[in-house]
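Notes to accompany the following structure.
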Amino acid sequence: MKKSHPIRRVLLASAATVSGIVLLLSLKPATDSSSASAQGAAQGAAAAQESPQGGAAAAGTSTVTGAVAQTQYGVVQVRLTVANGKITKAEAVQAPKGGTSDQKTALSVPKLNQEVVATQSADITSVSGATYTSGGYKQSLQSAIDKMKAAGANTAAPSQSSAAGSGQAAQAKTVTGDVVTTEYGPVQVRITVAGGKITKADAVQAPSGGTSDQKTALAIPKLNQEAVAAGSANIDSVSGASYTSGGYKKSLQSALDKAGG
């Protein structure tokens with residue numbers, strides 16, 4: 001019995017050593033998982049620090065919907081998305097539909113949307129074969145742009161970072177001419193002047209209803225282009241729309257007089 005005591009002591013010591021090793025091994029995965037959790041928390045915190053920047057960018061985006069424009073084939077209404085003073089998206093929330101109107105809308109609206117973003121204005125070209133839809137689109141678009149300007153948004157073309165570019169933008173002004181009554185309805189012209197030149201012209205009122213819609217859609221875009229090109233009211237009348245052309249030129253001259261010649 002005296003010889004068995006040392007053996008017992010060795011066995012007990014060995015068992016204690018093995019138990020200690022087992023405990024150490026069982027603690028390692030827990031330590032690793034804690035480390036992984038800490039790393040995940042750190043990554044989440046880093047992502048949270050970045051998210052306010054994205055939130056600020058989203059907060060700078062707004063939408064403006066223009067007035068509903070009536071055309072011979074249905075209504076047109078345009079909505080704009082604006083970010084940092086620039087039009088980033090244009091879409092027609094309402095457009096003529098049914099029969100051949102579906103085809104014309106599908107043909108014209110995507111092109112008009114793209115041109116708005118490219119030009120940053122309502123000075124866009126009508127789509128051939130969809131003059132009524134194009135005309136209504138431009139009217140609603142101008143309404144949306146007017147709302148943007150009233151809200152203080154800058155709808156000019158992408159601005160230069162230089163002080164000279166900012167000074168030129170500040171000199172631009174919009175003037176609306178007198179309403180001129182014609183045999184087929186009133187005509188009123190609005191122009192934008194910058195640096196002593198007409199940079200944009202459009203009709204805020206024009207004859208409508210019956211054949212007047214067709215004549216207006218034919219004449220107004222041409223008269224607008226000529227006013228910008230000529231820089232004066234000395235422009236040619238559009239054949240087949242002499243009354244509308246005459247009223248346009250009188251209102252244009254009135255706007256020029258208000259702008260100081």
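Chain labels follow the order of the structure tokens: the first chain is A, the next B, and so on; residue numbering restarts at 1 in every chain, and ligands are counted from 1 in their shown order.
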* Asked: What lies within 10 Å of A:Lys138 using only C-alpha atoms, ignoring chain neighbours under 5 positions off, as a ChimeraX atom specification?
  -> /A:66,69,76-78,112,116,121-126,132-133,143-144,202
* Contact residues around stretch 183-197 of chain A with only C-alpha atoms at 9 Å, ignoring same-chain residues under 2 positions, as a VMD selection string -> chain A and resid 168 to 181 199 to 208 212 227 to 228 231 to 232 243 to 245 247 to 252 254 to 256 259 to 261
Take the residues that were just selected and, keeping C-alpha atoms, output them as a PDB file, in the first residue's frame.
ATOM      1  CA  GLN A 168     -22.743  85.494 -66.774  1.00  0.00           C
ATOM      2  CA  ALA A 169     -25.470  83.311 -65.258  1.00  0.00           C
ATOM      3  CA  ALA A 170     -26.388  86.107 -62.846  1.00  0.00           C
ATOM      4  CA  GLN A 171     -26.891  88.536 -65.751  1.00  0.00           C
ATOM      5  CA  ALA A 172     -29.555  86.377 -67.430  1.00  0.00           C
ATOM      6  CA  LYS A 173     -33.126  87.637 -67.070  1.00  0.00           C
ATOM      7  CA  THR A 174     -36.534  86.540 -68.272  1.00  0.00           C
ATOM      8  CA  VAL A 175     -39.023  89.018 -69.743  1.00  0.00           C
ATOM      9  CA  THR A 176     -42.606  88.355 -70.838  1.00  0.00           C
ATOM     10  CA  GLY A 177     -44.144  90.426 -73.620  1.00  0.00           C
ATOM     11  CA  ASP A 178     -47.666  91.817 -73.800  1.00  0.00           C
ATOM     12  CA  VAL A 179     -50.601  89.600 -74.748  1.00  0.00           C
ATOM     13  CA  VAL A 180     -51.494  90.138 -78.394  1.00  0.00           C
ATOM     14  CA  THR A 181     -55.007  89.204 -79.501  1.00  0.00           C
ATOM     15  CA  THR A 199     -30.833  82.927 -75.464  1.00  0.00           C
ATOM     16  CA  LYS A 200     -34.324  81.453 -75.408  1.00  0.00           C
ATOM     17  CA  ALA A 201     -37.825  82.281 -76.672  1.00  0.00           C
ATOM     18  CA  ASP A 202     -41.123  80.513 -76.120  1.00  0.00           C
ATOM     19  CA  ALA A 203     -44.836  81.214 -76.337  1.00  0.00           C
ATOM     20  CA  VAL A 204     -46.622  81.076 -72.987  1.00  0.00           C
ATOM     21  CA  GLN A 205     -49.911  81.627 -74.821  1.00  0.00           C
ATOM     22  CA  ALA A 206     -50.873  80.620 -78.354  1.00  0.00           C
ATOM     23  CA  PRO A 207     -54.117  79.890 -80.275  1.00  0.00           C
ATOM     24  CA  SER A 208     -55.602  76.492 -79.458  1.00  0.00           C
ATOM     25  CA  SER A 212     -55.333  76.219 -84.380  1.00  0.00           C
ATOM     26  CA  ALA A 227     -36.127  84.802 -82.504  1.00  0.00           C
ATOM     27  CA  VAL A 228     -32.967  83.366 -80.928  1.00  0.00           C
ATOM     28  CA  GLY A 231     -31.889  88.403 -81.798  1.00  0.00           C
ATOM     29  CA  SER A 232     -34.809  90.646 -82.721  1.00  0.00           C
ATOM     30  CA  TYR A 243     -52.105  85.393 -87.692  1.00  0.00           C
ATOM     31  CA  THR A 244     -50.153  83.466 -85.096  1.00  0.00           C
ATOM     32  CA  SER A 245     -46.875  84.704 -86.571  1.00  0.00           C
ATOM     33  CA  GLY A 247     -49.168  88.114 -82.913  1.00  0.00           C
ATOM     34  CA  TYR A 248     -45.924  86.389 -81.952  1.00  0.00           C
ATOM     35  CA  LYS A 249     -43.775  89.124 -83.465  1.00  0.00           C
ATOM     36  CA  LYS A 250     -45.741  91.905 -81.751  1.00  0.00           C
ATOM     37  CA  SER A 251     -45.470  90.239 -78.349  1.00  0.00           C
ATOM     38  CA  LEU A 252     -41.785  89.500 -78.997  1.00  0.00           C
ATOM     39  CA  SER A 254     -42.912  94.109 -76.545  1.00  0.00           C
ATOM     40  CA  ALA A 255     -40.670  91.753 -74.576  1.00  0.00           C
ATOM     41  CA  LEU A 256     -37.586  93.193 -76.229  1.00  0.00           C
ATOM     42  CA  ALA A 259     -35.678  94.073 -71.755  1.00  0.00           C
ATOM     43  CA  GLY A 260     -34.166  97.323 -72.943  1.00  0.00           C
ATOM     44  CA  GLY A 261     -33.991  96.773 -76.678  1.00  0.00           C
TER      45      GLY A 261
END
* Where in stretch 84-257 of chain A does DSSP assign helix (DSSP H, G or I), given as a ChimeraX atom specification? -> /A:100-119,131-150,163-171,211-230,242-257
* Within 6 Å of A:Val75, counting only C-alpha atoms, which residues qualify if same-chain residues fewer than 5 places away don't, as a PyMOL selection string? -> chain A and resi 69-70+95-96
* To do: Give the answer as one residue: which of A:Val93, A:Ala233, A:Val109, A:Ile198 has the shortest atom-to-atom distance to A:Thr131, using only C-alpha atoms?
  =>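 Ranked by minimum distance to A:Thr131, first place goes to A:Val109.
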* To do: Would you mind listing what lies within 8 Å of A:Ala219 as a PyMOL selection string, with only C-alpha atoms counted and same-chain residues fewer than 3 positions away left out?
  => chain A and resi 215-216+222-223+238+241+244-245
* To do: Tell me, in Å to one decimal, how far atom CA of A:Asn113 is from atom CA of A:Ala90.
  => 5.0 Å
* Do you have the atom CA of A:Gly99-atom CA of A:Gln139 distance handy? ->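 A separation of 23.4 Å between them.
Atom pair atom CA of A:Lys258 / atom CA of A:Asn234: separated by 16.5 Å.
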* When DSSP works through the backbone of this structure, what residues of stretch 66-255 of chain A end up as strand (DSSP E or B), shown as an MDAnalysis selection string? -> chainID A and resid 69:71 74:83 86:94 173:176 180:182 185:194 197:205
